[in-house]
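Working notes, structure below.
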Amino acid sequence: MLQYSTMTTSTAPNIILVEDDPPLRTLTTRALQENGFVVKPAATGAEMWLALENGPADLIILDIMLPGTNGIDLCRALREKSQVPIIFISARGSETDRVVGLELGADDYLTKPFGTRELVARIRAVLRREGGKQEGVPRSQGLLRFDGWALNLPRRELLSPSGAVVDLTGAEFDLLVSLCEHSGRVIARERLIELSRTRLGDSSDRSVDVLVSRLRRKLSSSGSKAPIVTVRGVGYMFNAPVTRE
Amino acid sequence: MVRAPLGLIGRIFAILLLAILIEFGASTFFYERASQLSVRDDEARRLAEHLVIARKLLSEHPPAERPALATDLTTSRYKISWTGQLPPALRVTPSLDRIHRQVITWEPSLNSANMSLRLVGSARNAVIVGSTTLPDGSWMKFATREPVHDLSFSFERILLALAPAVAIILIGGVLVRQTLLPLRRLALATERVGGKDTEAVPEGGPREVRRVIHAFNRMQARIHRLLVDRTQALAAVGHDLRTPLARLRLRADAIADDNMREEMETDIVEMQTMIDSLLTYLAGEANGEPRQAVDLAVICATIADDARDHGHDVDYAGPDHLERQLYPVAMKRALGNLVENGLHYGERVRILLHDRPAGAVIRVEDDGPGIPEESIEPALQPFVRLDTARARDTVGFGLGLSIVSRAVEAEGGKLTLSNRPEGGLRAEIRLPAS
């Protein structure tokens, strides 16, 4: 079985870009290189496997529509062997594609056309999240449960005790995950800002306090208040038992 | 093997033939019944007496004087004539057995005179004609001059005359209806052309109708193909444009001139928005997403929060939670479009959610100029922009409200646009009770 390292010692992250459109592949490669990444372009799945054999990768950018084996199948095959972060890029912006991609274990999903800044920000966010993970902990998979609520990590969904999907923005979701992962402990506001900034666009510069007040409203249910406690002068604490499945 | 169906003309001919047969049968039956006809006793007696006298007078005179005498014997009631030979038998006229008996009863002498009685004329206007022999073998003919009105069962007679007509109308009506039924099915199917499902109309009925249905089915299939092809072609164009657009966007990043780059990025974003709205519109509810339980109140609140984060004045007023079965992505997009639309024409947008027994009601209200009443209907049509009164600054193809309309229809709800009395537009989505 092949083993791919998810962490490299060099400072410049290694990225494999799988994109079948030659000009777009060249342009994306150039844009990423200018932003300090080491890029190995690949036109097909076969070229991707070849690139992986030649050296470890920190992240793979996968186009969904590829000649031969498509991106979805490549992602599935990759996940059987490796936990390397994957970002899907697709010309189809459909919700089903996004959900399928994320459920297969992709870390993010980007619709064409995208700008350099957006792509770079998404890559950095995924790499930062990856870096914050402890060894051995499975990547965004499974469910976090508290008070009857369920956080579906791969689908990035919050389900109410009665099973309805409760809409959360990316920043709110990340904030709630961070709170859950530190349940019973006080988290400083600064740390939360850092954690909830992992997703660009959604979080923008909204203060954590606003995000927390929105989360509280969304997590309130008849009779009971949301389990997020303000610790004055320090930050917040999640005071409900969280189980991971 | 299917037997070749009878043509429309053939069928109508067959129906007419049947009608005639029924009429003929009924008439025959009526004339058969006529032998049962009787007249009042005094009528029979008067006829009997007149016949006996006329016969006696005629036989007492020489043949040369008889025609003149017959004319003299003709009264306002009876017509008498004399002829040397046997008059030709009257066909298809029923004989009148009962009247015959009545007359014989009064004047038994007529029994030996070969008297015959027949009914002649239409059922409503019949006269009795008859003949007897004279002792020398010549013939006397006679006829009543007035129609036999007071036939004893005139009510029954009317019924008898009406019965075939009613039967013909009923049977003919049923048969014609049966014949034209496939045509009606065809008409119903025609109204559905262009809808979502294409169901071939079963080919049935007369040959001509079958051919029309066959042609219709093929036309329907062609129209459906055309619609599908058009949708697929537009979708393919949309998808395929995204790759060159992605290139363009990355190339634009390399432009050193900040102004130029930003303007170009704005153009690219506009093109992207157009493609997105086109693809959303074409995909419609067939987006493939399942209906699922979602918190509608949270969706509304999130849209308002998101707009506020982008510096817009958008409020949400309503319950904290309201769980419903919905197509979440389509509903989010619909509400997002309404808010965007409101912000485009106004400064301030309010999202209001009410949970009513009849179903949830969502209102998106802005403080813009509203829409002229006559433009409310066209505003929901695809590819329509209400530019007449405003500058053409709308982004997209004018699909925003049609996307909303489709999403609401998919939920079985109703979208209405109205101008608020205090100014501004109100878009109201009424969802059915879950």
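As shown in the structure tokens, the chain order sets the letters A, B, ...; within each chain, residues go from 1, and ligands are also counted from 1 in the order they appear.
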
Using only C-alpha atoms, which residues of chain B come within 6 Å of chain A, and what is the closest atom pair for each, with the distance in Å to one decimal? Give it as a Markdown table, sorted by chain and residue number.
| residue | atom | partner | partner_atom | distance |
| --- | --- | --- | --- | --- |
| B:His239 | CA | A:Ala91 | CA | 5.8 |
| B:Arg242 | CA | A:Lys112 | CA | 5.8 |
| B:Leu245 | CA | A:Pro113 | CA | 5.8 |
| B:Ala246 | CA | A:Pro113 | CA | 3.8 |
| B:Arg247 | CA | A:Leu24 | CA | 5.3 |
| B:Arg249 | CA | A:Gly115 | CA | 5.8 |
| B:Leu250 | CA | A:Gly115 | CA | 5.8 |
| B:Ala293 | CA | A:Ala164 | CA | 4.4 |
| B:Val294 | CA | A:Val165 | CA | 4.4 |
| B:Asp295 | CA | A:Val166 | CA | 5.3 |
| B:Ile299 | CA | A:Asp167 | CA | 5.7 |

DSSP on the backbone, then: every residue of stretch 100-345 of chain B marked helix (DSSP H, G or I), written as a count of residues only. 156

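The residue set within 10 Å of stretch 18-21 of chain B, counting only C-alpha atoms and dropping same-chain residues fewer than 6 places from it, reads Ile12, Ser27, Pro164, Ala165, Ala167, Ile168, Ile169, Ile171 and Gly172 of chain B.
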
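Near B:Val193, within a cut-off of 9 Å and counting only C-alpha atoms, sit the residues Thr198, Gln220, Ile223 and His224 of chain B, with same-chain residues fewer than 5 positions away left out.
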
Which residues come within 9 Å of A:Leu127, counting only C-alpha atoms, excluding same-chain residues fewer than 6 positions away, as a list in words?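 In the requested form, the answer reads Pro13, Asp58, Leu59 and Pro85 of chain A.
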
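Taking atom CA of B:Ala189 and atom CA of B:Val201 as the two end points, the separation is 6.9 Å.
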
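All residues of protein, DNA or RNA that reach within 12 Å of A:Ala51, judged by only C-alpha atoms and not counting those fewer than 2 positions away in the chain, are Tyr4, Asn14, Ile15, Ile16, Leu17, Val18, Val39, Lys40, Pro41, Ala42, Ala43, Thr44, Gly45, Ala46, Glu47, Met48, Trp49, Glu53, Asn54, Gly55, Pro56, Ala57 and Ile60 of chain A.
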
I need the residues from that last selection saved to file as a short mmCIF file (atom, residue, chain, number, x, y, z; two decimals), in the first residue's frame (with C-alpha atoms), if you can.
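What follows is the written file selection06.cif:
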data_model
loop_
_atom_site.label_atom_id
_atom_site.label_comp_id
_atom_site.auth_asym_id
_atom_site.auth_seq_id
_atom_site.Cartn_x
_atom_site.Cartn_y
_atom_site.Cartn_z
CA TYR A 4 1.72 9.58 1.18
CA ASN A 14 3.68 20.69 -2.69
CA ILE A 15 0.51 20.78 -4.74
CA ILE A 16 -0.61 18.45 -7.50
CA LEU A 17 -2.97 20.14 -9.94
CA VAL A 18 -5.17 17.80 -12.01
CA VAL A 39 3.09 22.76 -8.33
CA LYS A 40 3.10 19.53 -10.28
CA PRO A 41 0.58 19.80 -13.12
CA ALA A 42 -1.24 16.66 -14.30
CA ALA A 43 -3.65 16.35 -17.20
CA THR A 44 -5.21 13.01 -16.24
CA GLY A 45 -5.63 10.65 -13.31
CA ALA A 46 -2.76 8.52 -14.57
CA GLU A 47 -0.43 11.53 -14.53
CA MET A 48 -1.59 12.29 -11.01
CA TRP A 49 -0.68 8.81 -9.75
CA GLU A 53 4.86 8.17 -6.85
CA ASN A 54 7.62 10.68 -7.55
CA GLY A 55 7.15 12.57 -4.35
CA PRO A 56 4.76 13.43 -1.54
CA ALA A 57 2.04 16.04 -1.92
CA ILE A 60 -4.30 17.87 -4.52
#

Write out as a PyMOL selection string each polymer residue whose atoms come within 8 Å of A:Tyr236, counting only C-alpha atoms; drop sequence neighbours fewer than 5 positions from it. chain A and resi 186-189+228-231

Just the selected residues (C-alpha atoms), exported as a CSV table (one decimal), in the first residue's frame, please.
chain,number,residue,atom,x,y,z
A,186,VAL,CA,-12.7,28.1,27.9
A,187,ILE,CA,-11.4,29.3,24.5
A,188,ALA,CA,-10.0,32.8,24.2
A,189,ARG,CA,-11.7,35.1,21.8
A,228,ILE,CA,-22.5,28.6,24.7
A,229,VAL,CA,-21.4,30.5,27.9
A,230,THR,CA,-19.6,33.8,27.8
A,231,VAL,CA,-16.6,33.9,30.1

Please identify the strand (DSSP E or B) residues within stretch 9-237 of chain A (assignment by DSSP from backbone atoms) and present them as a ChimeraX atom specification. /A:14-18,38-42,59-63,86-90,108-111,143-146,149-152,157-159,165-166,186-188,221,224,228-231,235-237

With distances taken over only C-alpha atoms, which of B:Glu60, B:Glu409, B:Asp72, B:Asp305 is nearest to B:Leu134? B:Glu60

Counting only C-alpha atoms, which residue out of B:Leu110, B:Gln272, B:Asn259, B:Gly7 sits closest to B:His50?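 Comparing B:Leu110, B:Gln272, B:Asn259, B:Gly7 against B:His50, the winner is B:Leu110.
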